[in-house]
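Data block for coords34.cif (mmCIF, C-alpha atoms; chains and numbers go by the auth columns):
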data_start
loop_
_atom_site.group_PDB
_atom_site.id
_atom_site.type_symbol
_atom_site.label_atom_id
_atom_site.label_comp_id
_atom_site.label_asym_id
_atom_site.label_seq_id
_atom_site.Cartn_x
_atom_site.Cartn_y
_atom_site.Cartn_z
_atom_site.B_iso_or_equiv
_atom_site.auth_seq_id
_atom_site.auth_asym_id
ATOM 1 C CA MET A 1 100.376 167.984 123.835 0.00 1 A
ATOM 2 C CA PRO A 2 101.873 164.825 125.399 0.00 2 A
ATOM 3 C CA ASN A 3 100.889 163.692 128.855 0.00 3 A
ATOM 4 C CA ILE A 4 104.516 163.592 129.998 0.00 4 A
ATOM 5 C CA ILE A 5 106.641 166.673 129.424 0.00 5 A
ATOM 6 C CA THR A 6 110.134 166.537 130.918 0.00 6 A
ATOM 7 C CA LYS A 7 112.013 169.000 128.734 0.00 7 A
ATOM 8 C CA PHE A 8 111.596 172.418 130.303 0.00 8 A
ATOM 9 C CA GLU A 9 114.000 175.016 131.626 0.00 9 A
ATOM 10 C CA ARG A 10 114.829 174.699 135.292 0.00 10 A
ATOM 11 C CA ALA A 11 116.261 177.318 137.611 0.00 11 A
ATOM 12 C CA LYS A 12 120.051 177.262 137.687 0.00 12 A
ATOM 13 C CA PRO A 13 121.488 174.949 140.374 0.00 13 A
ATOM 14 C CA GLU A 14 123.541 177.778 141.853 0.00 14 A
ATOM 15 C CA ASP A 15 120.413 179.928 142.230 0.00 15 A
ATOM 16 C CA VAL A 16 118.551 177.064 143.904 0.00 16 A
ATOM 17 C CA ALA A 17 121.480 176.572 146.301 0.00 17 A
ATOM 18 C CA ALA A 18 121.515 180.293 147.091 0.00 18 A
ATOM 19 C CA LEU A 19 117.776 180.335 147.886 0.00 19 A
ATOM 20 C CA ALA A 20 118.031 177.188 149.998 0.00 20 A
ATOM 21 C CA LYS A 21 119.906 179.169 152.672 0.00 21 A
ATOM 22 C CA PHE A 22 116.817 181.185 153.567 0.00 22 A
ATOM 23 C CA GLY A 23 113.504 180.508 155.255 0.00 23 A
ATOM 24 C CA SER A 24 110.252 180.683 153.325 0.00 24 A
ATOM 25 C CA ALA A 25 109.128 183.859 155.106 0.00 25 A
ATOM 26 C CA THR A 26 112.375 185.648 154.245 0.00 26 A
ATOM 27 C CA VAL A 27 112.074 184.693 150.570 0.00 27 A
ATOM 28 C CA HIS A 28 108.416 185.736 150.504 0.00 28 A
ATOM 29 C CA GLU A 29 109.180 189.152 151.996 0.00 29 A
ATOM 30 C CA ALA A 30 112.292 189.669 149.862 0.00 30 A
ATOM 31 C CA GLN A 31 110.358 189.298 146.608 0.00 31 A
ATOM 32 C CA GLY A 32 107.734 191.835 147.580 0.00 32 A
ATOM 33 C CA ARG A 33 105.474 189.533 149.599 0.00 33 A
ATOM 34 C CA LEU A 34 104.722 187.432 146.549 0.00 34 A
ATOM 35 C CA GLY A 35 104.519 183.707 145.909 0.00 35 A
ATOM 36 C CA ALA A 36 103.168 182.363 149.202 0.00 36 A
ATOM 37 C CA LEU A 37 101.133 179.177 148.770 0.00 37 A
ATOM 38 C CA SER A 38 98.109 178.520 150.967 0.00 38 A
ATOM 39 C CA PRO A 39 99.007 178.075 154.647 0.00 39 A
ATOM 40 C CA ARG A 40 96.904 174.911 154.572 0.00 40 A
ATOM 41 C CA LEU A 41 99.823 173.179 152.810 0.00 41 A
ATOM 42 C CA LYS A 42 102.146 172.160 155.613 0.00 42 A
ATOM 43 C CA PRO A 43 105.048 169.724 156.122 0.00 43 A
ATOM 44 C CA ILE A 44 104.207 166.473 157.875 0.00 44 A
ATOM 45 C CA ASP A 45 107.076 167.251 160.265 0.00 45 A
ATOM 46 C CA ARG A 46 108.185 170.718 161.351 0.00 46 A
ATOM 47 C CA SER A 47 111.853 169.926 160.760 0.00 47 A
ATOM 48 C CA MET A 48 111.313 169.320 157.032 0.00 48 A
ATOM 49 C CA LYS A 49 112.733 171.794 154.509 0.00 49 A
ATOM 50 C CA LEU A 50 112.881 171.714 150.729 0.00 50 A
ATOM 51 C CA CYS A 51 114.200 173.834 147.899 0.00 51 A
ATOM 52 C CA GLY A 52 114.323 172.839 144.260 0.00 52 A
ATOM 53 C CA PRO A 53 112.938 173.295 140.760 0.00 53 A
ATOM 54 C CA ALA A 54 109.293 172.381 140.301 0.00 54 A
ATOM 55 C CA PHE A 55 108.370 169.220 138.438 0.00 55 A
ATOM 56 C CA THR A 56 104.710 170.055 138.011 0.00 56 A
ATOM 57 C CA VAL A 57 101.959 167.453 137.916 0.00 57 A
ATOM 58 C CA LEU A 58 98.293 167.827 137.034 0.00 58 A
ATOM 59 C CA GLY A 59 96.480 164.928 138.648 0.00 59 A
ATOM 60 C CA ALA A 60 92.957 163.957 139.652 0.00 60 A
ATOM 61 C CA PRO A 61 91.279 163.666 143.066 0.00 61 A
ATOM 62 C CA ARG A 62 91.733 160.294 144.826 0.00 62 A
ATOM 63 C CA ASP A 63 94.069 159.133 142.056 0.00 63 A
ATOM 64 C CA ASN A 64 97.861 158.860 142.229 0.00 64 A
ATOM 65 C CA LEU A 65 98.661 157.559 138.746 0.00 65 A
ATOM 66 C CA MET A 66 100.265 160.840 137.660 0.00 66 A
ATOM 67 C CA LEU A 67 102.203 161.109 140.896 0.00 67 A
ATOM 68 C CA GLN A 68 103.749 157.720 140.228 0.00 68 A
ATOM 69 C CA LEU A 69 104.606 158.761 136.674 0.00 69 A
ATOM 70 C CA ALA A 70 106.154 161.969 138.000 0.00 70 A
ATOM 71 C CA ILE A 71 108.503 159.943 140.194 0.00 71 A
ATOM 72 C CA GLU A 72 109.484 157.966 137.111 0.00 72 A
ATOM 73 C CA TYR A 73 110.267 161.004 134.959 0.00 73 A
ATOM 74 C CA ALA A 74 111.450 163.696 137.369 0.00 74 A
ATOM 75 C CA GLN A 75 115.148 164.508 137.657 0.00 75 A
ATOM 76 C CA GLU A 76 117.377 164.310 140.687 0.00 76 A
ATOM 77 C CA GLY A 77 116.928 167.470 142.738 0.00 77 A
ATOM 78 C CA ASP A 78 113.401 168.202 141.456 0.00 78 A
ATOM 79 C CA VAL A 79 110.523 168.976 143.787 0.00 79 A
ATOM 80 C CA ILE A 80 107.440 167.081 142.621 0.00 80 A
ATOM 81 C CA ILE A 81 104.351 169.239 143.080 0.00 81 A
ATOM 82 C CA MET A 82 100.910 167.885 142.186 0.00 82 A
ATOM 83 C CA SER A 83 97.639 169.732 141.868 0.00 83 A
ATOM 84 C CA ALA A 84 94.797 167.262 142.391 0.00 84 A
ATOM 85 C CA GLY A 85 91.750 169.316 143.183 0.00 85 A
ATOM 86 C CA GLU A 86 92.349 170.048 146.877 0.00 86 A
ATOM 87 C CA TYR A 87 90.900 166.674 147.827 0.00 87 A
ATOM 88 C CA GLU A 88 91.732 166.007 151.482 0.00 88 A
ATOM 89 C CA ASP A 89 89.960 162.684 151.924 0.00 89 A
ATOM 90 C CA ALA A 90 92.586 160.362 150.402 0.00 90 A
ATOM 91 C CA GLY A 91 96.201 159.470 151.029 0.00 91 A
ATOM 92 C CA CYS A 92 97.853 159.578 147.609 0.00 92 A
ATOM 93 C CA PHE A 93 101.445 159.216 148.844 0.00 93 A
ATOM 94 C CA GLY A 94 103.082 156.985 151.438 0.00 94 A
ATOM 95 C CA ASP A 95 106.270 155.228 152.451 0.00 95 A
ATOM 96 C CA VAL A 96 106.571 152.995 149.357 0.00 96 A
ATOM 97 C CA LEU A 97 106.516 155.925 146.941 0.00 97 A
ATOM 98 C CA GLY A 98 108.596 157.865 149.426 0.00 98 A
ATOM 99 C CA ASN A 99 111.356 155.289 149.143 0.00 99 A
ATOM 100 C CA ALA A 100 111.091 155.506 145.359 0.00 100 A
ATOM 101 C CA CYS A 101 111.617 159.271 145.597 0.00 101 A
ATOM 102 C CA VAL A 102 114.651 158.947 147.846 0.00 102 A
ATOM 103 C CA ALA A 103 116.189 156.359 145.530 0.00 103 A
ATOM 104 C CA LYS A 104 115.662 158.783 142.632 0.00 104 A
ATOM 105 C CA GLY A 105 117.109 161.776 144.492 0.00 105 A
ATOM 106 C CA ILE A 106 113.872 163.766 144.528 0.00 106 A
ATOM 107 C CA ALA A 107 114.216 166.873 146.723 0.00 107 A
ATOM 108 C CA GLY A 108 110.655 166.845 148.041 0.00 108 A
ATOM 109 C CA VAL A 109 106.957 166.246 147.361 0.00 109 A
ATOM 110 C CA ILE A 110 104.059 168.691 147.578 0.00 110 A
ATOM 111 C CA VAL A 111 100.428 167.624 147.043 0.00 111 A
ATOM 112 C CA ASP A 112 97.128 169.411 147.607 0.00 112 A
ATOM 113 C CA THR A 113 95.593 166.205 148.862 0.00 113 A
ATOM 114 C CA GLY A 114 96.384 163.763 151.675 0.00 114 A
ATOM 115 C CA VAL A 115 99.361 161.563 152.470 0.00 115 A
ATOM 116 C CA ARG A 116 99.784 158.599 154.801 0.00 116 A
ATOM 117 C CA ASP A 117 102.474 156.453 156.459 0.00 117 A
ATOM 118 C CA THR A 118 103.750 159.690 157.940 0.00 118 A
ATOM 119 C CA GLU A 119 105.806 158.094 160.711 0.00 119 A
ATOM 120 C CA MET A 120 107.800 156.134 158.148 0.00 120 A
ATOM 121 C CA LEU A 121 108.068 159.123 155.812 0.00 121 A
ATOM 122 C CA ILE A 122 109.502 161.185 158.656 0.00 122 A
ATOM 123 C CA GLU A 123 112.044 158.464 159.398 0.00 123 A
ATOM 124 C CA LEU A 124 112.886 158.399 155.698 0.00 124 A
ATOM 125 C CA GLY A 125 113.734 162.098 155.797 0.00 125 A
ATOM 126 C CA LEU A 126 111.958 163.025 152.561 0.00 126 A
ATOM 127 C CA PRO A 127 110.344 166.489 152.824 0.00 127 A
ATOM 128 C CA VAL A 128 106.605 166.039 152.225 0.00 128 A
ATOM 129 C CA PHE A 129 104.037 168.847 152.258 0.00 129 A
ATOM 130 C CA SER A 130 100.331 168.098 152.025 0.00 130 A
ATOM 131 C CA LEU A 131 96.826 169.359 152.650 0.00 131 A
ATOM 132 C CA SER A 132 95.987 166.537 155.057 0.00 132 A
ATOM 133 C CA VAL A 133 96.985 163.197 156.500 0.00 133 A
ATOM 134 C CA CYS A 134 94.513 160.481 155.494 0.00 134 A
ATOM 135 C CA ILE A 135 94.706 156.678 155.567 0.00 135 A
ATOM 136 C CA LYS A 136 92.217 156.196 152.708 0.00 136 A
ATOM 137 C CA GLY A 137 93.674 154.766 149.503 0.00 137 A
ATOM 138 C CA THR A 138 93.559 155.953 145.911 0.00 138 A
ATOM 139 C CA VAL A 139 93.097 154.542 142.416 0.00 139 A
ATOM 140 C CA LYS A 140 95.358 154.641 139.354 0.00 140 A
ATOM 141 C CA GLU A 141 92.949 155.535 136.575 0.00 141 A
ATOM 142 C CA THR A 142 93.211 159.086 135.293 0.00 142 A
ATOM 143 C CA LEU A 143 95.850 160.397 132.918 0.00 143 A
ATOM 144 C CA GLY A 144 96.851 163.991 133.473 0.00 144 A
ATOM 145 C CA GLN A 145 100.007 165.878 132.583 0.00 145 A
ATOM 146 C CA THR A 146 103.469 166.744 133.837 0.00 146 A
ATOM 147 C CA GLY A 147 105.616 169.720 132.949 0.00 147 A
ATOM 148 C CA VAL A 148 102.685 172.121 132.539 0.00 148 A
ATOM 149 C CA ASP A 149 101.522 175.183 134.449 0.00 149 A
ATOM 150 C CA ILE A 150 99.389 174.276 137.451 0.00 150 A
ATOM 151 C CA VAL A 151 97.490 176.126 140.155 0.00 151 A
ATOM 152 C CA ILE A 152 98.021 174.922 143.705 0.00 152 A
ATOM 153 C CA GLY A 153 97.608 176.683 147.007 0.00 153 A
ATOM 154 C CA GLY A 154 96.328 179.764 145.195 0.00 154 A
ATOM 155 C CA GLU A 155 99.515 180.228 143.144 0.00 155 A
ATOM 156 C CA VAL A 156 100.417 179.467 139.541 0.00 156 A
ATOM 157 C CA ILE A 157 103.476 177.217 139.366 0.00 157 A
ATOM 158 C CA HIS A 158 105.464 177.052 136.146 0.00 158 A
ATOM 159 C CA PRO A 159 107.696 174.035 135.468 0.00 159 A
ATOM 160 C CA GLY A 160 111.216 174.801 136.664 0.00 160 A
ATOM 161 C CA ASP A 161 110.239 177.563 139.115 0.00 161 A
ATOM 162 C CA VAL A 162 111.918 177.301 142.516 0.00 162 A
ATOM 163 C CA LEU A 163 109.890 176.004 145.452 0.00 163 A
ATOM 164 C CA CYS A 164 111.108 176.767 148.978 0.00 164 A
ATOM 165 C CA GLY A 165 109.418 175.240 151.995 0.00 165 A
ATOM 166 C CA ASP A 166 109.834 174.835 155.735 0.00 166 A
ATOM 167 C CA ALA A 167 107.739 174.767 158.911 0.00 167 A
ATOM 168 C CA ASP A 168 106.299 178.201 158.113 0.00 168 A
ATOM 169 C CA GLY A 169 104.994 177.304 154.656 0.00 169 A
ATOM 170 C CA LEU A 170 105.772 177.272 150.955 0.00 170 A
ATOM 171 C CA VAL A 171 106.801 179.988 148.528 0.00 171 A
ATOM 172 C CA VAL A 172 107.414 179.905 144.778 0.00 172 A
ATOM 173 C CA VAL A 173 110.087 181.980 143.035 0.00 173 A
ATOM 174 C CA ARG A 174 110.042 182.396 139.262 0.00 174 A
ATOM 175 C CA LYS A 175 113.108 180.751 137.776 0.00 175 A
ATOM 176 C CA GLU A 176 114.115 183.936 135.978 0.00 176 A
ATOM 177 C CA ASP A 177 114.005 185.852 139.277 0.00 177 A
ATOM 178 C CA ALA A 178 115.795 183.295 141.447 0.00 178 A
ATOM 179 C CA ALA A 179 119.241 184.943 141.513 0.00 179 A
ATOM 180 C CA GLU A 180 117.838 188.386 142.309 0.00 180 A
ATOM 181 C CA VAL A 181 115.499 187.058 145.007 0.00 181 A
ATOM 182 C CA ALA A 182 118.425 185.226 146.616 0.00 182 A
ATOM 183 C CA ARG A 183 120.368 188.499 146.674 0.00 183 A
ATOM 184 C CA LEU A 184 117.426 190.383 148.184 0.00 184 A
ATOM 185 C CA SER A 185 116.914 187.609 150.744 0.00 185 A
ATOM 186 C CA GLN A 186 120.508 187.975 151.887 0.00 186 A
ATOM 187 C CA GLU A 187 120.055 191.747 152.178 0.00 187 A
ATOM 188 C CA ARG A 188 116.948 191.236 154.287 0.00 188 A
ATOM 189 C CA GLU A 189 118.664 188.702 156.520 0.00 189 A
ATOM 190 C CA ASP A 190 121.617 191.067 157.051 0.00 190 A
ATOM 191 C CA ILE A 191 119.229 193.866 158.082 0.00 191 A
ATOM 192 C CA GLU A 192 117.388 191.576 160.503 0.00 192 A
ATOM 193 C CA THR A 193 120.652 190.342 162.028 0.00 193 A
ATOM 194 C CA ASP A 194 121.628 193.967 162.647 0.00 194 A
ATOM 195 C CA LEU A 195 118.241 194.734 164.208 0.00 195 A
ATOM 196 C CA ILE A 196 118.482 191.769 166.567 0.00 196 A
ATOM 197 C CA ALA A 197 121.926 192.919 167.707 0.00 197 A
ATOM 198 C CA LYS A 198 120.580 196.410 168.396 0.00 198 A
ATOM 199 C CA TYR A 199 117.620 195.024 170.378 0.00 199 A
ATOM 200 C CA LYS A 200 120.026 192.985 172.487 0.00 200 A
ATOM 201 C CA ALA A 201 122.024 196.148 173.068 0.00 201 A
ATOM 202 C CA GLY A 202 118.968 197.894 174.516 0.00 202 A
ATOM 203 C CA ARG A 203 117.407 199.751 171.587 0.00 203 A
ATOM 204 C CA THR A 204 113.596 199.801 171.464 0.00 204 A
ATOM 205 C CA VAL A 205 110.987 198.743 168.947 0.00 205 A
ATOM 206 C CA ILE A 206 109.517 202.239 168.673 0.00 206 A
ATOM 207 C CA ASP A 207 112.987 203.654 168.024 0.00 207 A
ATOM 208 C CA LEU A 208 114.245 201.117 165.493 0.00 208 A
ATOM 209 C CA CYS A 209 110.973 200.794 163.604 0.00 209 A
ATOM 210 C CA GLY A 210 110.453 204.556 163.404 0.00 210 A
ATOM 211 C CA LEU A 211 107.041 204.316 165.038 0.00 211 A
ATOM 212 C CA GLU A 212 107.054 207.588 166.988 0.00 212 A
ATOM 213 C CA PRO A 213 105.600 209.829 164.233 0.00 213 A
ATOM 214 C CA VAL A 214 103.085 207.149 163.239 0.00 214 A
ATOM 215 C CA LEU A 215 101.838 206.721 166.812 0.00 215 A
ATOM 216 C CA LYS A 216 101.736 210.485 167.346 0.00 216 A
ATOM 217 C CA ALA A 217 99.627 210.925 164.205 0.00 217 A
ATOM 218 C CA LYS A 218 97.219 208.247 165.380 0.00 218 A
ATOM 219 C CA GLY A 219 96.869 209.823 168.825 0.00 219 A
ATOM 220 C CA LEU A 220 98.283 206.969 170.872 0.00 220 A
ATOM 221 C CA THR A 221 97.939 207.499 174.620 0.00 221 A
ATOM 222 C CA THR A 222 99.590 205.599 177.465 0.00 222 A
ATOM 223 C CA ASP A 223 99.470 205.653 181.267 0.00 223 A
ATOM 224 C CA LEU A 224 103.215 206.379 181.524 0.00 224 A
#

What's the structure tokens form of this structure?
Amino acid sequence: MPNIITKFERAKPEDVAALAKFGSATVHEAQGRLGALSPRLKPIDRSMKLCGPAFTVLGAPRDNLMLQLAIEYAQEGDVIIMSAGEYEDAGCFGDVLGNACVAKGIAGVIVDTGVRDTEMLIELGLPVFSLSVCIKGTVKETLGQTGVDIVIGGEVIHPGDVLCGDADGLVVVRKEDAAEVARLSQEREDIETDLIAKYKAGRTVIDLCGLEPVLKAKGLTTDL
């Protein structure tokens, strides 16, 4: 198997665009509470959001050679996601590579290691999710692979799956399920919009959530 694999099926652009409308929590709930990556992986700025097909990278701790190669070979709109052993004590990505990503049209970067130059990355506007922020540098020594299945944040990511991320976290949607999950996400959002309107109109949580029989069965008592 070659180190660099670029030819894999990606989620359809229209399905990616449909999923991009929703927050990560909505997508996670809509697909049966599946696909949530570890909450330790967070954006370096709360305003950052990403949604795009996964360009997977298998790297090594304290080594960003494969990350650089991923930037070279990824397509416009891809989200580069690198598994590198959950090594927090190195900054494998910074403003120089960030500018390379923006020039290439990369939709975002996710690494289970550290990043640095965060102030400049935030100004650049590239969505970056990482395990830590660390000023320590890396080497360029170890060949890994791109375009293969990886495990990161406790989830298996297949090349071309859709990654959605925001301030709340990251969720992966299988490419073959993307259209259906987008539909279910819209259904969930419509239900929640209706609930919010009813709360504003004076309805109660116990009423709308159907909690009365549950609380009665559990023997809830109050001082009212």

Between atom CA of Ile152 of chain A and atom CA of Ser83 of chain A, distance in Å (one decimal) =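 Computed distance, atom CA of Ile152 of chain A to atom CA of Ser83 of chain A, equals 5.5 Å.
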
request  = List the residues sitting within 12 Å of (98.2, 186.7, 148.7) in the file's frame, using all atoms listed in the file, as a list in words.
outcome  =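 Selection result: His28, Glu29, Gly32, Arg33, Leu34, Gly35, Ala36, Leu37, Ser38, Pro39, Gly153, Gly154, Glu155, Val156 and Val171 of chain A.
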
Residues of the last selection are to be written out with C-alpha atoms, as an mmCIF file, in the frame of the given file.
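Printed below is selection23.cif as written:
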data_model
loop_
_atom_site.group_PDB
_atom_site.id
_atom_site.type_symbol
_atom_site.label_atom_id
_atom_site.label_comp_id
_atom_site.auth_asym_id
_atom_site.auth_seq_id
_atom_site.Cartn_x
_atom_site.Cartn_y
_atom_site.Cartn_z
ATOM 1 C CA HIS A 28 108.416 185.736 150.504
ATOM 2 C CA GLU A 29 109.180 189.152 151.996
ATOM 3 C CA GLY A 32 107.734 191.835 147.580
ATOM 4 C CA ARG A 33 105.474 189.533 149.599
ATOM 5 C CA LEU A 34 104.722 187.432 146.549
ATOM 6 C CA GLY A 35 104.519 183.707 145.909
ATOM 7 C CA ALA A 36 103.168 182.363 149.202
ATOM 8 C CA LEU A 37 101.133 179.177 148.770
ATOM 9 C CA SER A 38 98.109 178.520 150.967
ATOM 10 C CA PRO A 39 99.007 178.075 154.647
ATOM 11 C CA GLY A 153 97.608 176.683 147.007
ATOM 12 C CA GLY A 154 96.328 179.764 145.195
ATOM 13 C CA GLU A 155 99.515 180.228 143.144
ATOM 14 C CA VAL A 156 100.417 179.467 139.541
ATOM 15 C CA VAL A 171 106.801 179.988 148.528
#

task = Select, from A:Ile5, A:Val16, A:Ala30, A:Val57, the residue with the minimum atom-to-atom distance to Arg188 of chain A, counting only C-alpha atoms.
result =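 Using only C-alpha atoms, Arg188 of chain A sits closest to A:Ala30.
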
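Distance-wise, atom CA of Gly108 of chain A and atom CA of Ala179 of chain A end up 21.1 Å apart.
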
task = Pick out the closest residue to Val79 of chain A from this set: A:Gly125, A:Gly137, A:Gly165, A:Gly114. Count all atoms listed in the file.
result = A:Gly165

query = What residues come out when you apply the PyMOL selection byres ((chain A and resi 55) around 12) to this file, written as a PyMOL selection string?
reply = chain A and resi 4-11+52-54+56-58+66-67+69-83+106-111+145-150+157-163

Shell around Lys140 of chain A at 6 Å using all atoms listed in the file, local window under 4 positions removed, as a PyMOL selection string = chain A and resi 63-65

query = Neighbours of Asp166 of chain A within 9 Å (all atoms listed in the file; same-chain residues fewer than 4 positions away dropped), as JSON, numbers by chain?
reply = {"A": [23, 24, 42, 43, 46, 47, 48, 49, 50, 127, 170]}

Go ahead and save the picked residues with C-alpha atoms, as an mmCIF file, in the frame of the given file.
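See again04.cif below for the written result:
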data_model
loop_
_atom_site.group_PDB
_atom_site.id
_atom_site.type_symbol
_atom_site.label_atom_id
_atom_site.label_comp_id
_atom_site.auth_asym_id
_atom_site.auth_seq_id
_atom_site.Cartn_x
_atom_site.Cartn_y
_atom_site.Cartn_z
ATOM 1 C CA GLY A 23 113.504 180.508 155.255
ATOM 2 C CA SER A 24 110.252 180.683 153.325
ATOM 3 C CA LYS A 42 102.146 172.160 155.613
ATOM 4 C CA PRO A 43 105.048 169.724 156.122
ATOM 5 C CA ARG A 46 108.185 170.718 161.351
ATOM 6 C CA SER A 47 111.853 169.926 160.760
ATOM 7 C CA MET A 48 111.313 169.320 157.032
ATOM 8 C CA LYS A 49 112.733 171.794 154.509
ATOM 9 C CA LEU A 50 112.881 171.714 150.729
ATOM 10 C CA PRO A 127 110.344 166.489 152.824
ATOM 11 C CA LEU A 170 105.772 177.272 150.955
#

task = Mind giving me the straight-line distance from atom CA of Ala178 of chain A to atom CA of Thr26 of chain A in Å, one decimal?
result =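 Atom-to-atom, atom CA of Ala178 of chain A and atom CA of Thr26 of chain A are spaced 13.5 Å apart.
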
inquiry  = From (92.1, 161.2, 154.6), in the file's coordinates, out to 8 Å: which residues are reached, counting only C-alpha atoms? Answer as a ChimeraX atom specification.
reply    = /A:88-91,114-115,132-136

Residue nearest Ala60 of chain A among A:Val139, A:Ala17, A:Leu215, A:Ala100 (counting all atoms listed in the file) = A:Val139

inquiry  = When the PyMOL selection byres ((chain A and resi 131) around 6) is applied to the structure above, which residues does it catch, written out as a PyMOL selection string?
reply    = chain A and resi 40-41+112-114+130+132
